[in-house]
$ cat protein06.txt   # compact mmCIF, C-alpha atoms
# COMPACT_ATOMS: atom_id res chain seq x y z
CA MET A 968 3.27 4.79 0.99
CA SER A 969 1.62 4.23 -2.36
CA LEU A 970 0.17 1.21 -4.09
CA SER A 971 3.29 1.19 -6.25
CA LYS A 972 5.43 0.44 -3.17
CA VAL A 973 3.21 -2.55 -2.42
CA VAL A 974 3.61 -3.86 -5.96
CA ASP A 975 7.39 -3.42 -5.78
CA ALA A 976 7.55 -5.34 -2.48
CA ILE A 977 5.39 -8.15 -3.86
CA ARG A 978 7.59 -8.54 -6.92
CA ARG A 979 10.76 -8.64 -4.80
CA HIS A 980 9.63 -11.56 -2.63
CA LYS A 981 8.82 -15.18 -3.34
CA ARG A 982 7.20 -16.66 -0.22
CA PHE A 983 4.28 -14.99 1.53
CA LEU A 984 2.34 -15.27 4.75
CA ILE A 985 -1.10 -13.67 4.55
CA SER A 986 -3.05 -12.93 7.70
CA ALA A 987 -5.94 -10.82 8.97
CA HIS A 988 -7.36 -9.69 12.28
CA ILE A 989 -8.77 -11.88 15.04
CA ASP A 990 -12.47 -12.75 14.69
CA PRO A 991 -12.31 -12.11 10.93
CA GLU A 992 -15.40 -11.00 9.00
CA GLY A 993 -16.19 -10.91 5.30
CA ASP A 994 -13.85 -8.11 4.29
CA ALA A 995 -10.87 -9.68 6.05
CA VAL A 996 -11.58 -13.16 4.71
CA GLY A 997 -12.51 -12.12 1.17
CA SER A 998 -9.52 -9.80 0.80
CA GLN A 999 -7.19 -12.44 2.17
CA LEU A 1000 -8.44 -15.08 -0.28
CA ALA A 1001 -8.28 -12.71 -3.24
CA ILE A 1002 -4.72 -11.53 -2.67
CA ALA A 1003 -3.57 -15.10 -2.02
CA SER A 1004 -5.01 -16.16 -5.38
CA LEU A 1005 -3.38 -13.23 -7.19
CA LEU A 1006 0.02 -14.01 -5.69
CA ARG A 1007 -0.21 -17.69 -6.60
CA ARG A 1008 -0.96 -16.72 -10.19
CA MET A 1009 2.29 -14.73 -10.12
CA GLY A 1010 4.16 -17.91 -9.18
CA LYS A 1011 4.53 -17.00 -5.51
CA LYS A 1012 4.36 -19.46 -2.60
CA VAL A 1013 1.54 -18.51 -0.24
CA VAL A 1014 0.28 -19.63 3.14
CA MET A 1015 -2.72 -18.10 4.92
CA ILE A 1016 -2.66 -18.30 8.72
CA ASP A 1017 -5.21 -16.74 11.07
CA GLU A 1018 -5.79 -16.75 14.81
CA ASP A 1019 -9.52 -17.44 14.45
CA PRO A 1020 -11.60 -19.31 11.86
CA PRO A 1021 -13.71 -17.57 9.21
CA PRO A 1022 -17.34 -16.96 10.23
CA ALA A 1023 -19.93 -19.50 9.10
CA SER A 1024 -21.33 -16.96 6.62
CA CYS A 1025 -18.03 -17.00 4.70
CA MET A 1026 -17.55 -20.75 4.42
CA PHE A 1027 -19.00 -20.76 0.88
CA LEU A 1028 -16.12 -18.67 -0.48
CA PRO A 1029 -13.63 -20.31 -2.88
CA GLN A 1030 -10.50 -21.71 -1.17
CA VAL A 1031 -11.66 -20.62 2.29
CA LYS A 1032 -10.71 -24.01 3.71
CA SER A 1033 -7.08 -23.38 2.75
CA ILE A 1034 -6.81 -20.89 5.62
CA THR A 1035 -4.83 -22.51 8.44
CA LEU A 1036 -5.48 -21.69 12.07
CA TYR A 1037 -2.51 -20.85 14.25
CA LYS A 1038 -3.43 -23.56 16.76
CA ASP A 1039 -3.23 -26.19 14.00
CA LEU A 1040 0.25 -25.28 12.73
CA LYS A 1041 2.22 -27.82 14.79
CA GLY A 1042 5.45 -26.29 13.50
CA LYS A 1043 5.02 -27.45 9.92
CA GLY A 1044 6.95 -24.89 7.90
CA ALA A 1045 5.14 -21.95 9.42
CA GLY A 1046 8.20 -19.72 9.23
CA LYS A 1047 9.07 -20.41 5.60
CA PHE A 1048 8.17 -17.03 4.17
CA ASP A 1049 10.07 -13.82 3.53
CA CYS A 1050 7.15 -11.39 3.40
CA ALA A 1051 3.98 -11.05 5.47
CA VAL A 1052 0.90 -9.35 4.02
CA ILE A 1053 -1.51 -8.19 6.72
CA VAL A 1054 -4.95 -7.10 5.55
CA ASP A 1055 -7.77 -5.19 7.26
CA CYS A 1056 -5.83 -4.79 10.50
CA PRO A 1057 -5.08 -1.46 12.26
CA THR A 1058 -2.31 -2.87 14.48
CA LEU A 1059 -0.05 -5.89 14.26
CA GLU A 1060 -1.27 -7.04 17.67
CA ARG A 1061 -4.72 -7.57 16.16
CA ILE A 1062 -3.55 -10.68 14.26
CA GLY A 1063 -3.14 -12.48 17.60
CA ARG A 1064 -0.51 -15.17 18.01
CA VAL A 1065 0.26 -15.15 14.28
CA LYS A 1066 2.42 -12.15 15.13
CA GLU A 1067 4.91 -14.58 16.74
CA LEU A 1068 5.74 -15.95 13.28
CA ILE A 1069 6.83 -12.57 11.95
CA THR A 1070 10.48 -12.18 12.90
CA GLU A 1071 12.59 -9.07 12.28
CA ASP A 1072 14.01 -10.44 9.03
CA LYS A 1073 10.54 -10.57 7.42
CA THR A 1074 9.15 -7.71 5.34
CA VAL A 1075 5.67 -6.64 6.43
CA ILE A 1076 3.14 -5.21 3.97
CA ASN A 1077 0.25 -3.45 5.69
CA ILE A 1078 -2.92 -3.09 3.55
CA ASP A 1079 -5.77 -1.48 5.42
CA HIS A 1080 -8.55 1.12 5.41
CA HIS A 1081 -8.93 1.83 9.15
CA VAL A 1082 -8.39 5.46 10.11
CA SER A 1083 -6.83 4.16 13.34
CA ASN A 1084 -4.06 2.22 11.55
CA ASP A 1085 -0.70 2.76 13.29
CA MET A 1086 1.44 2.16 10.15
CA PHE A 1087 3.10 -0.96 11.55
CA GLY A 1088 4.42 -2.25 8.23
CA ASP A 1089 7.69 -1.84 6.38
CA VAL A 1090 5.39 -0.94 3.49
CA ASN A 1091 2.10 0.73 4.42
CA TRP A 1092 -0.83 1.23 2.08
CA VAL A 1093 -3.64 2.65 4.19
CA ASP A 1094 -6.65 4.29 2.56
CA PRO A 1095 -9.39 5.35 5.01
CA LYS A 1096 -11.51 6.48 2.06
CA ALA A 1097 -11.81 2.91 0.79
CA ALA A 1098 -15.15 1.37 1.71
CA ALA A 1099 -13.45 -2.00 2.22
CA VAL A 1100 -10.03 -3.56 1.84
CA GLY A 1101 -11.71 -5.51 -0.96
CA GLU A 1102 -11.75 -2.26 -2.97
CA MET A 1103 -8.01 -1.94 -2.44
CA ILE A 1104 -7.34 -5.51 -3.57
CA PHE A 1105 -9.32 -4.74 -6.71
CA GLU A 1106 -6.99 -1.77 -7.33
CA LEU A 1107 -3.99 -4.02 -6.63
CA SER A 1108 -5.11 -6.47 -9.32
CA LYS A 1109 -5.27 -3.60 -11.81
CA LYS A 1110 -1.79 -2.41 -10.84
CA LEU A 1111 -0.45 -5.95 -11.21
CA LYS A 1112 -2.17 -6.12 -14.63
CA LEU A 1113 -3.95 -9.32 -13.66
CA GLU A 1114 -7.44 -9.90 -15.08
CA LEU A 1115 -9.57 -11.11 -12.18
CA ALA A 1116 -10.76 -14.70 -12.31
CA ARG A 1117 -14.39 -15.38 -11.35
CA ASP A 1118 -13.42 -16.81 -7.95
CA GLU A 1119 -11.32 -13.73 -7.17
CA ALA A 1120 -14.16 -11.44 -8.19
CA GLU A 1121 -16.50 -13.35 -5.89
CA THR A 1122 -14.24 -12.97 -2.86
CA ILE A 1123 -13.65 -9.25 -3.52
CA TYR A 1124 -17.36 -8.61 -4.09
CA SER A 1125 -18.16 -10.41 -0.83
CA ALA A 1126 -15.58 -8.31 1.02
CA ILE A 1127 -17.13 -5.10 -0.26
CA LEU A 1128 -20.68 -6.30 0.38
CA ILE A 1129 -19.95 -6.97 4.05
CA ASP A 1130 -18.19 -3.71 4.87
CA THR A 1131 -20.78 -1.57 3.09
CA GLY A 1132 -23.74 -3.43 4.58
CA SER A 1133 -24.78 -4.42 1.07
CA PHE A 1134 -24.12 -0.87 -0.17
CA ARG A 1135 -26.31 0.71 2.55
CA TYR A 1136 -23.64 2.29 4.79
CA SER A 1137 -22.32 5.83 4.43
CA ASN A 1138 -18.89 4.56 3.35
CA THR A 1139 -20.39 3.46 0.01
CA THR A 1140 -19.22 5.71 -2.82
CA ALA A 1141 -19.65 6.02 -6.57
CA LYS A 1142 -16.30 4.24 -6.87
CA THR A 1143 -17.67 1.36 -4.79
CA HIS A 1144 -20.54 0.89 -7.22
CA MET A 1145 -18.27 1.11 -10.26
CA ILE A 1146 -16.01 -1.60 -8.84
CA ALA A 1147 -19.04 -3.73 -7.99
CA ALA A 1148 -20.33 -3.34 -11.56
CA GLU A 1149 -17.06 -4.61 -12.99
CA LEU A 1150 -17.03 -7.55 -10.58
CA ILE A 1151 -20.62 -8.47 -11.42
CA ARG A 1152 -19.63 -8.77 -15.08
CA LYS A 1153 -17.71 -11.89 -14.05
CA ARG A 1154 -21.12 -13.61 -13.93
CA LEU A 1155 -21.39 -13.64 -10.16
CA ASP A 1156 -24.44 -15.16 -8.51
CA MET A 1157 -25.25 -12.03 -6.50
CA ASN A 1158 -28.36 -13.51 -4.91
CA ALA A 1159 -26.49 -16.54 -3.59
CA ILE A 1160 -23.66 -14.37 -2.25
CA TYR A 1161 -26.13 -12.08 -0.45
CA GLU A 1162 -28.00 -15.06 1.03
CA HIS A 1163 -24.81 -16.61 2.42
CA LEU A 1164 -23.53 -13.36 3.91
CA PHE A 1165 -26.73 -11.84 5.29
CA GLU A 1166 -29.68 -14.24 5.31
CA LEU A 1167 -28.80 -17.90 5.77
CA ARG A 1168 -28.25 -18.88 9.38
CA SER A 1169 -28.51 -22.06 11.40
CA PHE A 1170 -31.44 -22.79 13.71
CA GLN A 1171 -29.03 -22.39 16.63
CA SER A 1172 -27.98 -18.95 15.41
CA THR A 1173 -31.61 -17.87 14.98
CA TYR A 1174 -32.38 -19.06 18.51
CA LEU A 1175 -29.35 -17.15 19.78
CA LEU A 1176 -30.59 -14.01 18.05
CA GLY A 1177 -33.84 -14.29 19.97
CA LEU A 1178 -31.98 -14.62 23.27
CA VAL A 1179 -29.80 -11.60 22.47
CA LEU A 1180 -32.74 -9.40 21.43
CA SER A 1181 -34.77 -10.39 24.50
CA GLY A 1182 -32.29 -8.37 26.56
CA ILE A 1183 -32.13 -5.26 24.37
CA LYS A 1184 -31.68 -1.99 26.30
CA LYS A 1185 -31.72 1.72 25.53
CA SER A 1186 -30.74 4.96 27.22
CA LYS A 1187 -33.48 7.20 28.62
CA ASP A 1188 -33.44 9.39 25.52
CA GLY A 1189 -33.29 6.39 23.19
CA LYS A 1190 -30.11 7.57 21.49
CA ILE A 1191 -27.99 4.63 22.69
CA VAL A 1192 -29.18 1.06 22.12
CA TRP A 1193 -27.28 -2.04 23.15
CA VAL A 1194 -27.45 -5.81 23.46
CA TRP A 1195 -25.43 -8.53 25.16
CA LEU A 1196 -24.14 -11.93 24.08
CA THR A 1197 -23.26 -14.05 27.12
CA ARG A 1198 -21.65 -17.45 27.54
CA ARG A 1199 -24.93 -18.68 28.98
CA MET A 1200 -26.75 -17.69 25.78
CA LEU A 1201 -24.21 -19.55 23.66
CA LYS A 1202 -24.57 -22.68 25.77
CA LYS A 1203 -28.36 -22.54 25.74
CA SER A 1204 -28.61 -22.02 21.98
CA GLY A 1205 -25.81 -24.33 20.92
CA ALA A 1206 -24.56 -21.65 18.54
CA SER A 1207 -20.95 -20.59 18.08
CA PHE A 1208 -19.49 -17.17 18.83
CA ASP A 1209 -18.95 -16.27 15.17
CA GLU A 1210 -22.61 -16.90 14.29
CA ALA A 1211 -23.47 -13.60 15.99
CA GLU A 1212 -21.35 -11.69 13.46
CA ASN A 1213 -24.10 -9.41 12.07
CA PHE A 1214 -26.25 -8.97 15.18
CA ILE A 1215 -25.00 -5.39 15.69
CA GLY A 1216 -27.19 -4.24 12.79
CA LEU A 1217 -30.39 -4.78 14.76
CA PRO A 1218 -29.87 -2.33 17.64
CA ARG A 1219 -28.45 0.08 15.08
CA SER A 1220 -31.74 -0.02 13.17
CA VAL A 1221 -33.85 1.19 16.12
CA ARG A 1222 -35.52 4.50 15.30
CA GLY A 1223 -33.79 7.38 17.10
CA CYS A 1224 -30.60 5.41 17.76
CA LYS A 1225 -27.39 7.43 17.40
CA ALA A 1226 -24.99 4.79 18.75
CA ALA A 1227 -25.41 1.00 18.90
CA LEU A 1228 -23.35 -1.35 21.06
CA PHE A 1229 -22.91 -5.10 21.05
CA PHE A 1230 -21.27 -6.51 24.19
CA LYS A 1231 -19.81 -10.01 24.05
CA GLU A 1232 -18.72 -12.01 27.07
CA THR A 1233 -15.66 -14.04 26.09
CA GLU A 1234 -14.47 -17.39 27.41
CA LYS A 1235 -11.87 -15.56 29.48
CA ARG A 1236 -13.44 -14.29 32.68
CA GLY A 1237 -13.33 -10.51 32.97
CA ILE A 1238 -12.65 -9.97 29.24
CA PHE A 1239 -15.39 -8.40 27.12
CA LYS A 1240 -15.49 -7.51 23.44
CA VAL A 1241 -17.54 -4.55 22.28
CA SER A 1242 -18.67 -3.66 18.77
CA LEU A 1243 -19.72 -0.04 18.27
CA ARG A 1244 -21.72 1.59 15.48
CA GLY A 1245 -22.33 5.33 15.19
CA LYS A 1246 -24.53 7.56 13.09
CA LYS A 1247 -23.93 11.07 11.78
CA ASP A 1248 -21.68 12.95 14.21
CA VAL A 1249 -20.93 10.08 16.61
CA ASP A 1250 -17.32 8.98 16.02
CA VAL A 1251 -17.11 5.52 17.58
CA ASN A 1252 -13.47 5.11 16.54
CA LYS A 1253 -12.52 7.78 19.07
CA ILE A 1254 -14.51 5.95 21.75
CA ALA A 1255 -12.95 2.57 20.95
CA SER A 1256 -9.45 4.07 20.91
CA LYS A 1257 -9.85 5.06 24.57
CA PHE A 1258 -10.00 1.34 25.35
CA GLY A 1259 -7.14 0.30 23.06
CA GLY A 1260 -9.38 -0.50 20.12
CA GLY A 1261 -10.20 1.28 16.90
CA GLY A 1262 -11.72 1.05 13.47
CA HIS A 1263 -13.73 3.60 11.54
CA ALA A 1264 -15.71 6.69 12.49
CA ARG A 1265 -18.99 4.79 12.11
CA ALA A 1266 -17.85 1.26 12.98
CA ALA A 1267 -15.27 0.23 15.55
CA GLY A 1268 -14.51 -2.28 18.25
CA CYS A 1269 -12.47 -2.84 21.39
CA THR A 1270 -11.70 -5.37 24.09
CA ILE A 1271 -11.95 -4.33 27.74
CA LYS A 1272 -11.19 -5.80 31.12
CA ALA A 1273 -13.84 -5.42 33.81
CA ALA A 1274 -14.82 -7.11 37.07
CA SER A 1275 -18.33 -7.81 35.81
CA PRO A 1276 -20.61 -7.33 32.79
CA ASN A 1277 -22.29 -4.47 34.64
CA GLN A 1278 -18.99 -2.67 35.09
CA ALA A 1279 -18.04 -3.22 31.44
CA GLU A 1280 -21.36 -1.76 30.38
CA LYS A 1281 -20.93 1.32 32.57
CA MET A 1282 -17.38 1.92 31.32
CA ILE A 1283 -18.42 2.02 27.68
CA LEU A 1284 -21.73 3.83 28.17
CA ARG A 1285 -19.98 6.63 30.07
CA GLU A 1286 -17.87 7.43 27.02
CA VAL A 1287 -20.64 6.87 24.48
CA SER A 1288 -22.95 9.20 26.40
CA LYS A 1289 -20.37 11.98 26.15
CA ALA A 1290 -20.16 11.55 22.37
CA VAL A 1291 -23.91 11.35 21.85
$ encode --input "protein06.txt" --output "structure tokens"
Amino acid sequence: MSLSKVVDAIRRHKRFLISAHIDPEGDAVGSQLAIASLLRRMGKKVVMIDEDPPPASCMFLPQVKSITLYKDLKGKGAGKFDCAVIVDCPTLERIGRVKELITEDKTVINIDHHVSNDMFGDVNWVDPKAAAVGEMIFELSKKLKLELARDEAETIYSAILIDTGSFRYSNTTAKTHMIAAELIRKRLDMNAIYEHLFELRSFQSTYLLGLVLSGIKKSKDGKIVWVWLTRRMLKKSGASFDEAENFIGLPRSVRGCKAALFFKETEKRGIFKVSLRGKKDVDVNKIASKFGGGGHARAAGCTIKAASPNQAEKMILREVSKAV
């Protein structure tokens, strides 16, 4: 469906739930905040509810503390909405327990750019060519004829910055730069935004990075590079899970690497999360989809069940090796 269908659905409804995927990153958080602000300016009632908290790198964003976690709801009016807007999420299951709030009488608007999106909404606006959902929210503001406020421009710019790797990834287009130019005219502090998203980290996070990199591995031909984040590392460093958000970029940067993997041991025994990054002809979305995950051709993720970290590693590497 088109952007026009999204606009029509927004104008028909008065109360909105806005949510994004579990373990949200900058694009999910920034897009969520921007669309919430736009809807409030239209006189709509809005509540943002997520399964997991925003990463530490996003805590500088305007209104980020207005996002409510599902575990903190305590039944306080959580169901008082008639339309749910889900951003940056390929499947409804990826919003976690927030899905339980969306009953059959609610309209669901699905705004996403993942090629693996399963069109779960009543209204679906999915654009795999968009570098970030932030780009799509920018287009939405134009269609709604709403001049972006500075705070909205900041959240959209941050969303785009994260999903393009600060305009370094192959998904960056001329359109991306034109949108960024218009956002920058809102007198954004680009240096401060970049520092928060990519540079500033706690001592604990820096220590954790050292622990993760100390165990870096590669395949015999050097085309696959991977690292692990274990519960033991988290305990030793004192860092939180979300502080490892951008670690995947380091194995990806190894010369000769065609596919980079970041394995994460979760609090649930036998459950492992895997982030995948591919270069050139390596489609990691196809690999992730074999394990019930998905994403983009060059960036994807999945969650797998395995008896041990060693087994989880072998399961993923078997498929990655075929692709490489």
$ closest_residue --input "protein06.txt" --among "A:Ser971, A:Ser1186, A:Gln999, A:Thr1140" --to "Gly1101 (chain A)" --atoms "all atoms listed in the file"
A:Gln999
$ closest_residue --input "protein06.txt" --among "A:Ala1148, A:Ala1141, A:Leu1201, A:Ile1215" --to "Leu1243 (chain A)" --atoms "all atoms listed in the file"
A:Ile1215
$ residues_around --input "protein06.txt" --residues "region 1054-1070 of chain A" --least-positions-apart "2" --cutoff "8 Å" --atoms "all atoms listed in the file" --output "tab-separated table (two decimals) with C-alpha atoms, keeping the file's coordinate frame"
chain	number	residue	atom	x	y	z
A	985	ILE	CA	-1.10	-13.67	4.55
A	986	SER	CA	-3.05	-12.93	7.70
A	987	ALA	CA	-5.94	-10.82	8.97
A	988	HIS	CA	-7.36	-9.69	12.28
A	989	ILE	CA	-8.77	-11.88	15.04
A	994	ASP	CA	-13.85	-8.11	4.29
A	995	ALA	CA	-10.87	-9.68	6.05
A	998	SER	CA	-9.52	-9.80	0.80
A	999	GLN	CA	-7.19	-12.44	2.17
A	1016	ILE	CA	-2.66	-18.30	8.72
A	1017	ASP	CA	-5.21	-16.74	11.07
A	1018	GLU	CA	-5.79	-16.75	14.81
A	1037	TYR	CA	-2.51	-20.85	14.25
A	1045	ALA	CA	5.14	-21.95	9.42
A	1046	GLY	CA	8.20	-19.72	9.23
A	1051	ALA	CA	3.98	-11.05	5.47
A	1052	VAL	CA	0.90	-9.35	4.02
A	1072	ASP	CA	14.01	-10.44	9.03
A	1073	LYS	CA	10.54	-10.57	7.42
A	1077	ASN	CA	0.25	-3.45	5.69
A	1078	ILE	CA	-2.92	-3.09	3.55
A	1079	ASP	CA	-5.77	-1.48	5.42
A	1080	HIS	CA	-8.55	1.12	5.41
A	1081	HIS	CA	-8.93	1.83	9.15
A	1082	VAL	CA	-8.39	5.46	10.11
A	1083	SER	CA	-6.83	4.16	13.34
A	1084	ASN	CA	-4.06	2.22	11.55
A	1085	ASP	CA	-0.70	2.76	13.29
A	1086	MET	CA	1.44	2.16	10.15
A	1087	PHE	CA	3.10	-0.96	11.55
A	1100	VAL	CA	-10.03	-3.56	1.84
A	1261	GLY	CA	-10.20	1.28	16.90
A	1262	GLY	CA	-11.72	1.05	13.47
$ atom_distance --input "protein06.txt" --atom1 "CA of Leu1107 (chain A)" --atom2 "CA of Gly1132 (chain A)"
22.7 Å
$ closest_atom_pairs --input "protein06.txt" --of "region 1169-1257 of chain A" --to "region 1021-1027 of chain A" --cutoff "10 Å" --atoms "only C-alpha atoms" --output "Markdown table"
| residue | atom | partner | partner_atom | distance |
| --- | --- | --- | --- | --- |
| A:Ser1169 | CA | A:Ala1023 | CA | 9.2 |
| A:Ser1207 | CA | A:Ala1023 | CA | 9.1 |
| A:Phe1208 | CA | A:Pro1022 | CA | 8.9 |
| A:Asp1209 | CA | A:Pro1022 | CA | 5.2 |
| A:Glu1210 | CA | A:Ala1023 | CA | 6.4 |
| A:Ala1211 | CA | A:Pro1022 | CA | 9.1 |
| A:Glu1212 | CA | A:Pro1022 | CA | 7.4 |
| A:Asn1213 | CA | A:Ser1024 | CA | 9.7 |
$ atom_distance --input "protein06.txt" --atom1 "CA of His1144 (chain A)" --atom2 "CA of Trp1092 (chain A)"
21.8 Å
$ residues_around --input "protein06.txt" --residues "region 1249-1257 of chain A" --least-positions-apart "3" --cutoff "12 Å" --atoms "all atoms listed in the file" --output "ChimeraX atom specification"
/A:1057-1058,1081-1085,1190-1191,1224-1228,1240-1246,1260-1271,1282-1291
$ write_last_selection --input "protein06.txt" --atoms "C-alpha atoms" --output "PDB file, keeping the file's coordinate frame"
ATOM      1  CA  PRO A1057      -5.080  -1.460  12.260  1.00  0.00           C
ATOM      2  CA  THR A1058      -2.310  -2.870  14.480  1.00  0.00           C
ATOM      3  CA  HIS A1081      -8.930   1.830   9.150  1.00  0.00           C
ATOM      4  CA  VAL A1082      -8.390   5.460  10.110  1.00  0.00           C
ATOM      5  CA  SER A1083      -6.830   4.160  13.340  1.00  0.00           C
ATOM      6  CA  ASN A1084      -4.060   2.220  11.550  1.00  0.00           C
ATOM      7  CA  ASP A1085      -0.700   2.760  13.290  1.00  0.00           C
ATOM      8  CA  LYS A1190     -30.110   7.570  21.490  1.00  0.00           C
ATOM      9  CA  ILE A1191     -27.990   4.630  22.690  1.00  0.00           C
ATOM     10  CA  CYS A1224     -30.600   5.410  17.760  1.00  0.00           C
ATOM     11  CA  LYS A1225     -27.390   7.430  17.400  1.00  0.00           C
ATOM     12  CA  ALA A1226     -24.990   4.790  18.750  1.00  0.00           C
ATOM     13  CA  ALA A1227     -25.410   1.000  18.900  1.00  0.00           C
ATOM     14  CA  LEU A1228     -23.350  -1.350  21.060  1.00  0.00           C
ATOM     15  CA  LYS A1240     -15.490  -7.510  23.440  1.00  0.00           C
ATOM     16  CA  VAL A1241     -17.540  -4.550  22.280  1.00  0.00           C
ATOM     17  CA  SER A1242     -18.670  -3.660  18.770  1.00  0.00           C
ATOM     18  CA  LEU A1243     -19.720  -0.040  18.270  1.00  0.00           C
ATOM     19  CA  ARG A1244     -21.720   1.590  15.480  1.00  0.00           C
ATOM     20  CA  GLY A1245     -22.330   5.330  15.190  1.00  0.00           C
ATOM     21  CA  LYS A1246     -24.530   7.560  13.090  1.00  0.00           C
ATOM     22  CA  GLY A1260      -9.380  -0.500  20.120  1.00  0.00           C
ATOM     23  CA  GLY A1261     -10.200   1.280  16.900  1.00  0.00           C
ATOM     24  CA  GLY A1262     -11.720   1.050  13.470  1.00  0.00           C
ATOM     25  CA  HIS A1263     -13.730   3.600  11.540  1.00  0.00           C
ATOM     26  CA  ALA A1264     -15.710   6.690  12.490  1.00  0.00           C
ATOM     27  CA  ARG A1265     -18.990   4.790  12.110  1.00  0.00           C
ATOM     28  CA  ALA A1266     -17.850   1.260  12.980  1.00  0.00           C
ATOM     29  CA  ALA A1267     -15.270   0.230  15.550  1.00  0.00           C
ATOM     30  CA  GLY A1268     -14.510  -2.280  18.250  1.00  0.00           C
ATOM     31  CA  CYS A1269     -12.470  -2.840  21.390  1.00  0.00           C
ATOM     32  CA  THR A1270     -11.700  -5.370  24.090  1.00  0.00           C
ATOM     33  CA  ILE A1271     -11.950  -4.330  27.740  1.00  0.00           C
ATOM     34  CA  MET A1282     -17.380   1.920  31.320  1.00  0.00           C
ATOM     35  CA  ILE A1283     -18.420   2.020  27.680  1.00  0.00           C
ATOM     36  CA  LEU A1284     -21.730   3.830  28.170  1.00  0.00           C
ATOM     37  CA  ARG A1285     -19.980   6.630  30.070  1.00  0.00           C
ATOM     38  CA  GLU A1286     -17.870   7.430  27.020  1.00  0.00           C
ATOM     39  CA  VAL A1287     -20.640   6.870  24.480  1.00  0.00           C
ATOM     40  CA  SER A1288     -22.950   9.200  26.400  1.00  0.00           C
ATOM     41  CA  LYS A1289     -20.370  11.980  26.150  1.00  0.00           C
ATOM     42  CA  ALA A1290     -20.160  11.550  22.370  1.00  0.00           C
ATOM     43  CA  VAL A1291     -23.910  11.350  21.850  1.00  0.00           C
TER      44      VAL A1291
END
$ closest_residue --input "protein06.txt" --among "A:Ala1099, A:Leu1115, A:Ile977, A:Leu1180" --to "Asp1130 (chain A)" --atoms "all atoms listed in the file"
A:Ala1099
$ residues_near_point --input "protein06.txt" --point "(-16.3, -1.1, -0.7)" --cutoff "7 Å" --atoms "only C-alpha atoms" --output "ChimeraX atom specification"
/A:1097-1099,1101-1102,1127-1128,1130-1131,1139,1143
$ residues_around --input "protein06.txt" --residues "Val1192 (chain A)" --least-positions-apart "4" --cutoff "6 Å" --atoms "only C-alpha atoms" --output "CSV table (one decimal) with C-alpha atoms, in the coordinates of the input"
chain,number,residue,atom,x,y,z
A,1184,LYS,CA,-31.7,-2.0,26.3
A,1185,LYS,CA,-31.7,1.7,25.5
A,1218,PRO,CA,-29.9,-2.3,17.6
A,1227,ALA,CA,-25.4,1.0,18.9
$ atom_distance --input "protein06.txt" --atom1 "CA of Tyr1136 (chain A)" --atom2 "CA of Ile1238 (chain A)"
29.5 Å
$ closest_residue --input "protein06.txt" --among "A:Lys1231, A:Arg1117, A:His1163, A:Lys1096" --to "Ile1129 (chain A)" --atoms "all atoms listed in the file"
A:His1163
$ closest_residue --input "protein06.txt" --among "A:Gly1223, A:Lys1112, A:Val996, A:Gly1259" --to "Asp1019 (chain A)" --atoms "all atoms listed in the file"
A:Val996
$ residues_near_point --input "protein06.txt" --point "(-10.3, -8.7, 32.7)" --cutoff "10 Å" --atoms "all atoms listed in the file" --output "list of chain:residue names"
A:Lys1235, A:Arg1236, A:Gly1237, A:Ile1238, A:Phe1239, A:Thr1270, A:Ile1271, A:Lys1272, A:Ala1273, A:Ala1274, A:Ser1275, A:Ala1279
$ closest_residue --input "protein06.txt" --among "A:Arg979, A:Asp990, A:Ser1033, A:Lys1012" --to "Thr1233 (chain A)" --atoms "all atoms listed in the file"
A:Asp990
